[in-house]
$ cat query.cif   # mmCIF, C-alpha atoms and all ligand atoms
data_start
#
loop_
_atom_site.group_PDB
_atom_site.id
_atom_site.type_symbol
_atom_site.label_atom_id
_atom_site.label_comp_id
_atom_site.auth_asym_id
_atom_site.auth_seq_id
_atom_site.Cartn_x
_atom_site.Cartn_y
_atom_site.Cartn_z
ATOM 1 C CA GLU A 1 52.658 31.391 107.247
ATOM 2 C CA LYS A 2 50.582 29.545 104.636
ATOM 3 C CA PHE A 3 49.531 31.573 101.584
ATOM 4 C CA THR A 4 46.646 30.722 99.258
ATOM 5 C CA MET A 5 46.761 32.146 95.750
ATOM 6 C CA ASP A 6 43.848 34.307 94.715
ATOM 7 C CA ALA A 7 40.749 32.323 93.741
ATOM 8 C CA ASP A 8 40.862 33.721 90.171
ATOM 9 C CA TRP A 9 44.633 33.251 89.770
ATOM 10 C CA LEU A 10 45.738 31.777 86.414
ATOM 11 C CA GLN A 11 48.814 29.574 86.744
ATOM 12 C CA TYR A 12 51.665 29.863 84.231
ATOM 13 C CA HIS A 13 51.401 27.526 81.200
ATOM 14 C CA PRO A 14 52.357 23.994 82.320
ATOM 15 C CA ALA A 15 53.873 22.895 79.005
ATOM 16 C CA PRO A 16 54.909 25.743 76.684
ATOM 17 C CA VAL A 17 55.787 24.701 73.144
ATOM 18 C CA LYS A 18 59.430 24.491 72.082
ATOM 19 C CA PRO A 19 59.758 27.691 70.054
ATOM 20 C CA SER A 20 60.257 27.344 66.302
ATOM 21 C CA TYR A 21 62.219 30.607 66.518
ATOM 22 C CA CYS A 22 65.755 29.980 67.757
ATOM 23 C CA PRO A 23 67.064 33.001 69.728
ATOM 24 C CA PRO A 24 70.673 34.091 69.056
ATOM 25 C CA ALA A 25 73.372 32.728 71.367
ATOM 26 C CA GLY A 26 73.425 34.552 74.685
ATOM 27 C CA ALA A 27 69.799 35.711 74.526
ATOM 28 C CA VAL A 28 68.457 37.375 77.679
ATOM 29 C CA ASP A 29 64.924 37.084 79.085
ATOM 30 C CA ALA A 30 64.993 40.645 80.445
ATOM 31 C CA HIS A 31 61.667 40.644 82.322
ATOM 32 C CA CYS A 32 60.575 37.768 84.524
ATOM 33 C CA HIS A 33 59.808 37.084 88.195
ATOM 34 C CA VAL A 34 60.220 34.581 90.986
ATOM 35 C CA PHE A 35 57.436 34.215 93.544
ATOM 36 C CA GLY A 36 58.045 32.728 96.970
ATOM 37 C CA PRO A 37 57.876 29.920 97.897
ATOM 38 C CA GLY A 38 55.633 31.647 100.365
ATOM 39 C CA ASP A 39 56.648 29.484 103.310
ATOM 40 C CA GLN A 40 60.292 30.533 102.794
ATOM 41 C CA PHE A 41 59.880 34.032 101.326
ATOM 42 C CA PRO A 42 56.575 35.399 102.614
ATOM 43 C CA TYR A 43 54.450 37.628 100.401
ATOM 44 C CA ALA A 44 54.180 41.266 101.493
ATOM 45 C CA PRO A 45 51.325 42.148 103.853
ATOM 46 C CA GLN A 46 50.549 45.233 101.729
ATOM 47 C CA ARG A 47 50.316 43.224 98.482
ATOM 48 C CA LYS A 48 47.248 43.592 96.267
ATOM 49 C CA TYR A 49 47.351 40.004 94.980
ATOM 50 C CA THR A 50 48.567 36.625 96.157
ATOM 51 C CA PRO A 51 50.195 34.591 93.352
ATOM 52 C CA CYS A 52 51.056 30.965 92.975
ATOM 53 C CA ASP A 53 54.605 30.112 93.969
ATOM 54 C CA ALA A 54 56.974 30.264 90.983
ATOM 55 C CA SER A 55 60.515 29.131 91.716
ATOM 56 C CA LYS A 56 63.961 29.963 90.427
ATOM 57 C CA ASP A 57 64.440 26.336 89.319
ATOM 58 C CA GLN A 58 61.281 26.519 87.224
ATOM 59 C CA LEU A 59 62.547 29.811 85.760
ATOM 60 C CA TRP A 60 65.906 28.263 84.879
ATOM 61 C CA ALA A 61 64.138 25.284 83.261
ATOM 62 C CA LEU A 62 61.977 27.624 81.179
ATOM 63 C CA ARG A 63 65.078 29.577 80.117
ATOM 64 C CA GLU A 64 66.692 26.385 78.809
ATOM 65 C CA HIS A 65 63.461 25.223 77.146
ATOM 66 C CA LEU A 66 63.071 28.533 75.305
ATOM 67 C CA GLY A 67 66.711 28.632 74.184
ATOM 68 C CA PHE A 68 67.732 31.643 76.303
ATOM 69 C CA SER A 69 70.951 32.027 78.317
ATOM 70 C CA ARG A 70 70.313 34.657 80.974
ATOM 71 C CA ASN A 71 67.528 36.261 82.982
ATOM 72 C CA VAL A 72 66.774 39.672 84.427
ATOM 73 C CA ILE A 73 64.495 39.037 87.375
ATOM 74 C CA VAL A 74 62.242 41.939 88.318
ATOM 75 C CA GLN A 75 60.842 42.353 91.857
ATOM 76 C CA ALA A 76 57.079 42.051 91.717
ATOM 77 C CA THR A 77 54.708 43.987 93.974
ATOM 78 C CA CYS A 78 53.474 40.841 95.744
ATOM 79 C CA HIS A 79 56.838 40.813 97.571
ATOM 80 C CA GLY A 80 56.858 44.582 98.175
ATOM 81 C CA ALA A 81 60.344 45.803 99.174
ATOM 82 C CA ASP A 82 61.301 42.387 100.583
ATOM 83 C CA ASN A 83 63.835 41.289 97.960
ATOM 84 C CA ARG A 84 64.842 38.003 99.626
ATOM 85 C CA ALA A 85 63.296 35.727 96.988
ATOM 86 C CA LEU A 86 64.945 37.786 94.233
ATOM 87 C CA VAL A 87 68.356 37.739 95.956
ATOM 88 C CA ASP A 88 68.071 33.977 96.562
ATOM 89 C CA ALA A 89 67.483 33.427 92.835
ATOM 90 C CA LEU A 90 70.382 35.702 91.863
ATOM 91 C CA GLU A 91 72.716 33.953 94.299
ATOM 92 C CA HIS A 92 71.819 30.578 92.757
ATOM 93 C CA SER A 93 72.091 31.683 89.120
ATOM 94 C CA ASP A 94 75.803 31.077 88.447
ATOM 95 C CA GLY A 95 76.010 34.719 87.371
ATOM 96 C CA ARG A 96 73.405 34.193 84.657
ATOM 97 C CA ALA A 97 70.774 36.375 86.303
ATOM 98 C CA ARG A 98 70.667 40.037 87.285
ATOM 99 C CA GLY A 99 67.953 41.728 89.285
ATOM 100 C CA VAL A 100 65.769 44.812 89.575
ATOM 101 C CA ALA A 101 64.745 45.375 93.207
ATOM 102 C CA THR A 102 62.130 47.393 95.054
ATOM 103 C CA VAL A 103 63.586 49.516 97.852
ATOM 104 C CA THR A 104 62.337 52.051 100.372
ATOM 105 C CA GLU A 105 63.782 55.520 100.982
ATOM 106 C CA ASP A 106 65.480 54.402 104.211
ATOM 107 C CA ILE A 107 67.585 51.688 102.600
ATOM 108 C CA THR A 108 71.168 51.882 103.867
ATOM 109 C CA GLU A 109 74.398 52.018 101.873
ATOM 110 C CA GLU A 110 75.274 48.602 103.321
ATOM 111 C CA GLU A 111 71.963 47.126 102.128
ATOM 112 C CA LEU A 112 72.454 48.638 98.668
ATOM 113 C CA GLN A 113 75.972 47.205 98.457
ATOM 114 C CA ALA A 114 74.650 43.761 99.431
ATOM 115 C CA LEU A 115 71.995 43.930 96.714
ATOM 116 C CA HIS A 116 74.636 45.004 94.189
ATOM 117 C CA ALA A 117 76.913 42.150 95.229
ATOM 118 C CA ALA A 118 74.022 39.722 94.671
ATOM 119 C CA GLY A 119 73.514 41.028 91.136
ATOM 120 C CA VAL A 120 70.921 43.775 91.477
ATOM 121 C CA ARG A 121 71.456 46.535 88.880
ATOM 122 C CA GLY A 122 68.277 48.602 89.169
ATOM 123 C CA VAL A 123 65.192 49.546 91.142
ATOM 124 C CA ARG A 124 61.559 49.540 90.072
ATOM 125 C CA PHE A 125 59.057 52.373 90.450
ATOM 126 C CA ASN A 126 55.518 51.076 89.985
ATOM 127 C CA PHE A 127 52.626 53.458 89.252
ATOM 128 C CA VAL A 128 49.958 50.896 88.285
ATOM 129 C CA LYS A 129 47.177 51.678 90.732
ATOM 130 C CA ARG A 130 45.736 48.131 90.853
ATOM 131 C CA LEU A 131 49.174 46.945 92.019
ATOM 132 C CA VAL A 132 50.484 49.532 94.443
ATOM 133 C CA ASP A 133 49.911 52.828 96.192
ATOM 134 C CA ALA A 134 52.678 54.763 94.402
ATOM 135 C CA LEU A 135 55.234 56.592 96.550
ATOM 136 C CA PRO A 136 55.399 60.422 96.420
ATOM 137 C CA PHE A 137 57.706 61.878 93.734
ATOM 138 C CA ASP A 138 60.093 63.339 96.317
ATOM 139 C CA THR A 139 60.487 59.916 97.950
ATOM 140 C CA LEU A 140 61.142 58.287 94.577
ATOM 141 C CA GLY A 141 63.556 61.103 93.704
ATOM 142 C CA ALA A 142 65.454 60.456 96.931
ATOM 143 C CA ILE A 143 65.710 56.758 96.048
ATOM 144 C CA ALA A 144 66.941 57.674 92.550
ATOM 145 C CA ASP A 145 69.682 59.852 94.073
ATOM 146 C CA LYS A 146 70.691 56.999 96.401
ATOM 147 C CA ILE A 147 71.051 54.372 93.657
ATOM 148 C CA LYS A 148 72.664 56.570 90.959
ATOM 149 C CA PRO A 149 76.207 56.266 92.422
ATOM 150 C CA LEU A 150 75.922 52.474 92.018
ATOM 151 C CA GLY A 151 75.335 52.924 88.287
ATOM 152 C CA TRP A 152 71.896 51.386 88.652
ATOM 153 C CA HIS A 153 68.950 52.241 86.422
ATOM 154 C CA ILE A 154 65.255 52.688 87.164
ATOM 155 C CA VAL A 155 62.498 50.485 85.720
ATOM 156 C CA ILE A 156 59.112 52.195 85.570
ATOM 157 C CA TYR A 157 55.722 50.558 85.167
ATOM 158 C CA PHE A 158 52.748 52.759 84.368
ATOM 159 C CA GLU A 159 49.593 52.832 82.249
ATOM 160 C CA SER A 160 49.536 55.005 79.130
ATOM 161 C CA GLN A 161 46.722 57.236 80.345
ATOM 162 C CA GLU A 162 48.959 58.249 83.281
ATOM 163 C CA LEU A 163 51.909 59.326 81.111
ATOM 164 C CA PRO A 164 50.924 63.003 80.687
ATOM 165 C CA GLU A 165 50.878 63.608 84.444
ATOM 166 C CA LEU A 166 54.004 61.495 85.086
ATOM 167 C CA TYR A 167 56.016 62.813 82.108
ATOM 168 C CA ASP A 168 57.916 65.631 83.833
ATOM 169 C CA PHE A 169 58.784 63.456 86.842
ATOM 170 C CA PHE A 170 60.083 60.747 84.509
ATOM 171 C CA THR A 171 62.287 63.157 82.555
ATOM 172 C CA SER A 172 63.702 64.484 85.846
ATOM 173 C CA LEU A 173 65.154 61.072 86.745
ATOM 174 C CA PRO A 174 68.985 61.134 86.781
ATOM 175 C CA THR A 175 69.648 57.575 85.556
ATOM 176 C CA THR A 176 68.921 55.297 82.628
ATOM 177 C CA VAL A 177 65.177 54.596 82.730
ATOM 178 C CA VAL A 178 63.598 51.424 81.322
ATOM 179 C CA VAL A 179 59.863 51.400 80.627
ATOM 180 C CA ASP A 180 57.974 48.172 81.208
ATOM 181 C CA HIS A 181 55.781 46.924 78.359
ATOM 182 C CA MET A 182 55.939 50.104 76.219
ATOM 183 C CA GLY A 183 54.000 52.003 78.875
ATOM 184 C CA ARG A 184 50.970 49.782 78.222
ATOM 185 C CA PRO A 185 49.582 51.504 75.102
ATOM 186 C CA ASP A 186 45.891 51.254 74.212
ATOM 187 C CA VAL A 187 46.407 49.293 70.998
ATOM 188 C CA SER A 188 42.889 50.046 69.804
ATOM 189 C CA LYS A 189 44.197 53.572 69.116
ATOM 190 C CA PRO A 190 46.334 54.419 66.066
ATOM 191 C CA VAL A 191 50.003 53.439 66.324
ATOM 192 C CA ASP A 192 50.778 56.989 65.101
ATOM 193 C CA GLY A 193 48.095 58.603 67.223
ATOM 194 C CA GLU A 194 48.482 61.207 69.961
ATOM 195 C CA GLU A 195 48.742 58.732 72.854
ATOM 196 C CA PHE A 196 51.540 56.546 71.477
ATOM 197 C CA ASN A 197 53.265 59.542 69.888
ATOM 198 C CA LEU A 198 53.691 60.953 73.413
ATOM 199 C CA PHE A 199 55.473 57.764 74.436
ATOM 200 C CA VAL A 200 57.679 57.889 71.313
ATOM 201 C CA LYS A 201 58.414 61.558 72.124
ATOM 202 C CA LEU A 202 59.561 60.518 75.614
ATOM 203 C CA LEU A 203 62.168 58.154 74.138
ATOM 204 C CA THR A 204 63.062 60.449 71.242
ATOM 205 C CA GLU A 205 63.773 63.460 73.444
ATOM 206 C CA ASN A 206 65.447 61.516 76.260
ATOM 207 C CA GLU A 207 68.316 59.263 75.188
ATOM 208 C CA ASN A 208 68.451 57.744 78.683
ATOM 209 C CA PHE A 209 65.029 56.145 78.155
ATOM 210 C CA TRP A 210 64.684 52.519 77.039
ATOM 211 C CA SER A 211 61.587 50.364 76.550
ATOM 212 C CA LYS A 212 60.712 46.694 76.945
ATOM 213 C CA VAL A 213 58.610 45.438 74.041
ATOM 214 C CA SER A 214 57.088 42.674 76.128
ATOM 215 C CA CYS A 215 53.645 41.560 77.301
ATOM 216 C CA PRO A 216 51.557 41.552 74.112
ATOM 217 C CA GLU A 217 49.225 39.245 76.059
ATOM 218 C CA ARG A 218 48.459 42.108 78.472
ATOM 219 C CA LEU A 219 47.825 44.670 75.723
ATOM 220 C CA SER A 220 46.081 42.761 72.949
ATOM 221 C CA GLN A 221 42.352 43.216 72.367
ATOM 222 C CA VAL A 222 42.117 40.547 69.661
ATOM 223 C CA GLY A 223 42.440 37.528 71.903
ATOM 224 C CA PRO A 224 45.142 35.015 72.720
ATOM 225 C CA HIS A 225 46.331 34.016 69.246
ATOM 226 C CA GLY A 226 49.003 36.133 67.591
ATOM 227 C CA TYR A 227 48.295 39.398 69.374
ATOM 228 C CA ASP A 228 48.363 41.027 65.892
ATOM 229 C CA ASP A 229 47.128 44.385 67.210
ATOM 230 C CA VAL A 230 50.218 44.786 69.402
ATOM 231 C CA VAL A 231 52.772 44.042 66.641
ATOM 232 C CA PRO A 232 52.768 47.517 64.992
ATOM 233 C CA PHE A 233 53.384 49.195 68.356
ATOM 234 C CA ALA A 234 56.291 46.929 69.256
ATOM 235 C CA ARG A 235 57.748 47.155 65.721
ATOM 236 C CA ARG A 236 57.657 50.957 65.858
ATOM 237 C CA ILE A 237 59.629 50.999 69.120
ATOM 238 C CA VAL A 238 62.155 48.354 67.989
ATOM 239 C CA GLU A 239 62.777 50.053 64.637
ATOM 240 C CA THR A 240 62.893 53.599 66.039
ATOM 241 C CA PHE A 241 65.085 52.781 69.062
ATOM 242 C CA PRO A 242 66.950 49.554 68.121
ATOM 243 C CA ASP A 243 69.708 50.128 70.713
ATOM 244 C CA ARG A 244 67.345 50.876 73.610
ATOM 245 C CA VAL A 245 64.894 47.955 73.603
ATOM 246 C CA LEU A 246 64.625 44.817 75.725
ATOM 247 C CA TRP A 247 62.384 41.757 75.603
ATOM 248 C CA GLY A 248 61.083 39.441 78.320
ATOM 249 C CA THR A 249 58.641 36.580 78.853
ATOM 250 C CA ASP A 250 57.097 38.131 81.998
ATOM 251 C CA TRP A 251 56.900 34.577 83.367
ATOM 252 C CA PRO A 252 54.948 33.599 85.445
ATOM 253 C CA HIS A 253 52.582 36.236 84.053
ATOM 254 C CA PRO A 254 50.986 37.656 87.208
ATOM 255 C CA ASN A 255 47.399 38.886 87.144
ATOM 256 C CA MET A 256 46.513 37.492 83.738
ATOM 257 C CA LYS A 257 42.760 36.907 83.789
ATOM 258 C CA SER A 258 41.607 36.448 80.183
ATOM 259 C CA HIS A 259 44.054 33.649 79.327
ATOM 260 C CA MET A 260 47.527 32.364 80.052
ATOM 261 C CA PRO A 261 50.038 32.798 77.210
ATOM 262 C CA ASP A 262 52.256 29.977 75.995
ATOM 263 C CA ASP A 263 55.794 31.202 76.621
ATOM 264 C CA GLY A 264 57.026 29.344 73.527
ATOM 265 C CA GLU A 265 54.518 31.216 71.386
ATOM 266 C CA LEU A 266 55.646 34.514 72.938
ATOM 267 C CA VAL A 267 59.182 33.678 71.786
ATOM 268 C CA ASN A 268 57.834 32.850 68.301
ATOM 269 C CA MET A 269 56.486 36.415 68.141
ATOM 270 C CA ILE A 270 59.975 37.928 68.338
ATOM 271 C CA PRO A 271 60.729 37.839 64.570
ATOM 272 C CA ARG A 272 57.415 39.632 63.976
ATOM 273 C CA ILE A 273 58.455 42.609 66.146
ATOM 274 C CA ALA A 274 62.208 42.523 65.392
ATOM 275 C CA VAL A 275 62.175 41.612 61.721
ATOM 276 C CA THR A 276 65.905 41.234 61.019
ATOM 277 C CA GLU A 277 68.602 39.139 62.652
ATOM 278 C CA GLU A 278 70.454 42.335 63.549
ATOM 279 C CA LEU A 279 67.405 43.772 65.342
ATOM 280 C CA GLN A 280 66.880 40.446 67.122
ATOM 281 C CA ARG A 281 70.516 40.387 68.271
ATOM 282 C CA LYS A 282 70.303 43.948 69.574
ATOM 283 C CA LEU A 283 66.968 43.252 71.345
ATOM 284 C CA LEU A 284 67.945 39.920 72.906
ATOM 285 C CA VAL A 285 71.734 40.122 73.384
ATOM 286 C CA ASP A 286 73.545 43.413 72.777
ATOM 287 C CA ASN A 287 71.165 45.732 74.630
ATOM 288 C CA PRO A 288 70.558 43.605 77.776
ATOM 289 C CA MET A 289 74.271 42.723 77.990
ATOM 290 C CA ARG A 290 75.233 46.407 77.826
ATOM 291 C CA LEU A 291 72.770 47.272 80.571
ATOM 292 C CA TYR A 292 73.117 44.291 82.929
ATOM 293 C CA TRP A 293 76.535 42.728 82.236
ATOM 294 C CA PRO A 294 78.580 45.743 80.980
ATOM 295 C CA GLU A 295 81.728 44.243 82.468
ATOM 296 C CA GLU A 296 81.430 41.359 79.973
ATOM 297 C CA VAL A 297 80.818 43.550 76.926
ATOM 298 C CA ASP A 298 83.876 43.996 74.698
ATOM 299 C CA CYS A 299 84.258 47.783 74.712
ATOM 300 C CA VAL A 300 85.553 47.567 71.127
ATOM 301 C CA THR A 301 82.238 46.205 69.871
ATOM 302 C CA ALA A 302 80.030 48.168 72.280
HETATM 303 O O1 LIG A 401 54.532 41.302 85.745
HETATM 304 C C1 LIG A 401 54.308 42.405 85.197
HETATM 305 O O2 LIG A 401 55.210 43.068 84.647
HETATM 306 C C2 LIG A 401 52.971 42.926 85.229
HETATM 307 C C3 LIG A 401 52.157 42.925 86.349
HETATM 308 C C4 LIG A 401 52.579 42.765 87.716
HETATM 309 C C5 LIG A 401 53.716 43.323 88.240
HETATM 310 O O3 LIG A 401 54.607 43.880 87.490
HETATM 311 C C6 LIG A 401 53.999 43.308 89.711
HETATM 312 O O4 LIG A 401 53.165 42.831 90.502
HETATM 313 O O5 LIG A 401 55.066 43.808 90.062
HETATM 314 C C7 LIG A 401 50.747 43.260 86.138
HETATM 315 O O6 LIG A 401 50.450 43.964 85.129
HETATM 316 O O7 LIG A 401 49.901 42.842 86.954
#
$ encode --input "query.cif" --output "structure tokens"
Amino acid sequence: EKFTMDADWLQYHPAPVKPSYCPPAGAVDAHCHVFGPGDQFPYAPQRKYTPCDASKDQLWALREHLGFSRNVIVQATCHGADNRALVDALEHSDGRARGVATVTEDITEEELQALHAAGVRGVRFNFVKRLVDALPFDTLGAIADKIKPLGWHIVIYFESQELPELYDFFTSLPTTVVVDHMGRPDVSKPVDGEEFNLFVKLLTENENFWSKVSCPERLSQVGPHGYDDVVPFARRIVETFPDRVLWGTDWPHPNMKSHMPDDGELVNMIPRIAVTEELQRKLLVDNPMRLYWPEEVDCVTA
């Protein structure tokens, strides 16, 4: 089947700058995607967008260009619960990539074991209405119970205005839970205001909750240079929860409409949100290694 990307689709940056910031050895891009190729890994019929193809080889090349060592590839909604493109990338990563899949309630033990063997270590629950029709809480709860014995975690993607109604379901989840993009705060509101304080409360009161401090380009309201309005929000999360934060490029940046970020410039933002070498090492190496490659972490230094 031939797929044509949406007419208003913005392609990933063709030539990101070489970052001036040099990530620490072993740095992990903990949120990125592979798309298609559509003629080999068809996009899901129920998808709400059709992206450009974005291959594992391009992702590996970007990783090297940015000075990173490993990737965590997250299943995107355009592929639904068909994880074949993700698994293909994991199986061709020389162990340098782990995955977060999307599964349905009827997934079998055998299918879960195969995903685990490929390098999957979590599932994603998406509540962003423009992306998916979210599954009922009891269905998601059943999936959580199925994946917990594997030691997997749950990645959740939601918009900040939905947090009050989702809060109790989130805190009922029995695994480590990783929030995509800080729960998409409205950065025009105060960084110590009611809305973001609710998100900070979620992580403060629930030690099993982590957050990615990624995607300033999705949150900023001051345009594509510097994303200064996002920095205080990311700094607050990094400095309050230094052992429970992750960072990612979000390449190839699906559904960006206002502009396409330069991945090298996103990397150059890291020292502005993690302002010491220790915080950068936790954000980029220690935390993602503990979550995705625990078998490689020296338990003495954990
Ligand atoms: O890539 C992201 O994390 C953000 C987006 C898309 C998805 O996560 C997805 O389709 O699974 C978005 O905000 O459109």
$ resolve_selection --input "query.cif" --expression "the PyMOL selection byres (((not hetatm)) within 7 of (chain A and resi 401))" --output "PDB file with C-alpha atoms, keeping the file's coordinate frame"
ATOM      1  CA  GLN A  75      60.842  42.353  91.857  1.00  0.00           C
ATOM      2  CA  ALA A  76      57.079  42.051  91.717  1.00  0.00           C
ATOM      3  CA  THR A  77      54.708  43.987  93.974  1.00  0.00           C
ATOM      4  CA  CYS A  78      53.474  40.841  95.744  1.00  0.00           C
ATOM      5  CA  LEU A 131      49.174  46.945  92.019  1.00  0.00           C
ATOM      6  CA  ASP A 180      57.974  48.172  81.208  1.00  0.00           C
ATOM      7  CA  ASP A 250      57.097  38.131  81.998  1.00  0.00           C
ATOM      8  CA  HIS A 253      52.582  36.236  84.053  1.00  0.00           C
ATOM      9  CA  PRO A 254      50.986  37.656  87.208  1.00  0.00           C
ATOM     10  CA  ASN A 255      47.399  38.886  87.144  1.00  0.00           C
TER      11      ASN A 255
END
$ residues_around --input "query.cif" --residues "region 141-150 of chain A" --least-positions-apart "4" --cutoff "10 Å" --atoms "only C-alpha atoms" --output "VMD selection string"
chain A and resid 103 to 109 112 to 113 116 121 to 123 125 135 to 137 154 169 to 170 172 to 176
$ residues_around --input "query.cif" --residues "region 212-222 of chain A" --least-positions-apart "4" --cutoff "6 Å" --atoms "only C-alpha atoms" --output "MDAnalysis selection string"
chainID A and resid 180:182 227 230 234 245:248
$ resolve_selection --input "query.cif" --expression "the PyMOL selection byres (((chain A and resi 91) around 12) and not hetatm)" --output "NGL selection string"
:A and (56 or 73 or 84-90 or 92-99 or 114-120)
$ resolve_selection --input "query.cif" --expression "the PyMOL selection byres (((chain A and resi 63) around 12) and not hetatm)" --output "VMD selection string"
chain A and resid 16 18 to 19 23 26 to 32 56 to 62 64 to 73 93 96 to 97 248 to 251 263 to 264 267
$ closest_residue --input "query.cif" --among "A:Val34, A:Met5, A:Pro24, A:Pro190" --to "Glu278 (chain A)" --atoms "only C-alpha atoms"
A:Pro24
$ closest_residue --input "query.cif" --among "A:Phe3, A:Trp9, A:Tyr292, A:Tyr157" --to "Ser258 (chain A)" --atoms "only C-alpha atoms"
A:Trp9
$ closest_residue --input "query.cif" --among "A:Val191, A:Met260, A:Val231, A:Ala134" --to "Ala274 (chain A)" --atoms "only C-alpha atoms"
A:Val231
$ closest_residue --input "query.cif" --among "A:Leu284, A:Pro14, A:Val132, A:Thr102" --to "Gln46 (chain A)" --atoms "all atoms listed in the file"
A:Val132
$ closest_residue --input "query.cif" --among "A:Arg235, A:His225, A:Lys48, A:Lys201" --to "Glu265 (chain A)" --atoms "all atoms listed in the file"
A:His225
$ closest_residue --input "query.cif" --among "A:Asn268, A:Ser160, A:Asn83, A:Asn197" --to "Val179 (chain A)" --atoms "only C-alpha atoms"
A:Ser160
$ atom_distance --input "query.cif" --atom1 "CA of Glu295 (chain A)" --atom2 "CA of Lys282 (chain A)"
17.2 Å
$ decode --input "query.cif" --residues "region 18-35 of chain A" --atoms "N, CA and C atoms" --output "PDB file, in the first residue's frame"
ATOM      1  N   LYS A  18      25.823  20.531  14.350  1.00  0.00           N
ATOM      2  CA  LYS A  18      26.596  19.714  15.300  1.00  0.00           C
ATOM      3  C   LYS A  18      26.511  20.444  16.630  1.00  0.00           C
ATOM      4  N   PRO A  19      25.995  19.820  17.669  1.00  0.00           N
ATOM      5  CA  PRO A  19      25.812  20.573  18.921  1.00  0.00           C
ATOM      6  C   PRO A  19      27.132  21.096  19.475  1.00  0.00           C
ATOM      7  N   SER A  20      27.087  22.285  20.065  1.00  0.00           N
ATOM      8  CA  SER A  20      28.275  22.803  20.765  1.00  0.00           C
ATOM      9  C   SER A  20      28.381  22.131  22.138  1.00  0.00           C
ATOM     10  N   TYR A  21      27.212  21.688  22.654  1.00  0.00           N
ATOM     11  CA  TYR A  21      27.211  20.939  23.917  1.00  0.00           C
ATOM     12  C   TYR A  21      27.566  19.480  23.634  1.00  0.00           C
ATOM     13  N   CYS A  22      28.546  18.964  24.365  1.00  0.00           N
ATOM     14  CA  CYS A  22      28.977  17.585  24.168  1.00  0.00           C
ATOM     15  C   CYS A  22      28.375  16.713  25.274  1.00  0.00           C
ATOM     16  N   PRO A  23      27.404  15.846  24.946  1.00  0.00           N
ATOM     17  CA  PRO A  23      26.778  15.019  25.985  1.00  0.00           C
ATOM     18  C   PRO A  23      27.802  14.104  26.642  1.00  0.00           C
ATOM     19  N   PRO A  24      27.581  13.696  27.891  1.00  0.00           N
ATOM     20  CA  PRO A  24      28.495  12.763  28.559  1.00  0.00           C
ATOM     21  C   PRO A  24      28.507  11.416  27.842  1.00  0.00           C
ATOM     22  N   ALA A  25      29.575  10.682  28.002  1.00  0.00           N
ATOM     23  CA  ALA A  25      29.692   9.351  27.373  1.00  0.00           C
ATOM     24  C   ALA A  25      28.509   8.489  27.799  1.00  0.00           C
ATOM     25  N   GLY A  26      27.938   7.792  26.802  1.00  0.00           N
ATOM     26  CA  GLY A  26      26.832   6.883  27.097  1.00  0.00           C
ATOM     27  C   GLY A  26      25.472   7.543  27.116  1.00  0.00           C
ATOM     28  N   ALA A  27      25.385   8.772  26.618  1.00  0.00           N
ATOM     29  CA  ALA A  27      24.114   9.516  26.668  1.00  0.00           C
ATOM     30  C   ALA A  27      23.023   8.799  25.867  1.00  0.00           C
ATOM     31  N   VAL A  28      21.804   8.878  26.387  1.00  0.00           N
ATOM     32  CA  VAL A  28      20.646   8.187  25.815  1.00  0.00           C
ATOM     33  C   VAL A  28      19.607   9.189  25.324  1.00  0.00           C
ATOM     34  N   ASP A  29      19.240   9.078  24.042  1.00  0.00           N
ATOM     35  CA  ASP A  29      18.083   9.817  23.509  1.00  0.00           C
ATOM     36  C   ASP A  29      16.862   8.985  23.895  1.00  0.00           C
ATOM     37  N   ALA A  30      16.165   9.386  24.940  1.00  0.00           N
ATOM     38  CA  ALA A  30      15.153   8.518  25.573  1.00  0.00           C
ATOM     39  C   ALA A  30      13.738   8.737  25.052  1.00  0.00           C
ATOM     40  N   HIS A  31      13.595   9.523  23.958  1.00  0.00           N
ATOM     41  CA  HIS A  31      12.278   9.648  23.328  1.00  0.00           C
ATOM     42  C   HIS A  31      12.455   9.999  21.862  1.00  0.00           C
ATOM     43  N   CYS A  32      12.254   8.999  21.016  1.00  0.00           N
ATOM     44  CA  CYS A  32      12.330   9.196  19.573  1.00  0.00           C
ATOM     45  C   CYS A  32      11.464   8.120  18.909  1.00  0.00           C
ATOM     46  N   HIS A  33      11.308   8.226  17.593  1.00  0.00           N
ATOM     47  CA  HIS A  33      10.411   7.308  16.874  1.00  0.00           C
ATOM     48  C   HIS A  33      11.060   6.826  15.584  1.00  0.00           C
ATOM     49  N   VAL A  34      10.531   5.721  15.065  1.00  0.00           N
ATOM     50  CA  VAL A  34      10.776   5.329  13.684  1.00  0.00           C
ATOM     51  C   VAL A  34       9.405   5.216  13.012  1.00  0.00           C
ATOM     52  N   PHE A  35       9.344   5.685  11.775  1.00  0.00           N
ATOM     53  CA  PHE A  35       8.086   5.635  11.020  1.00  0.00           C
ATOM     54  C   PHE A  35       8.303   4.827   9.738  1.00  0.00           C
TER      55      PHE A  35
END
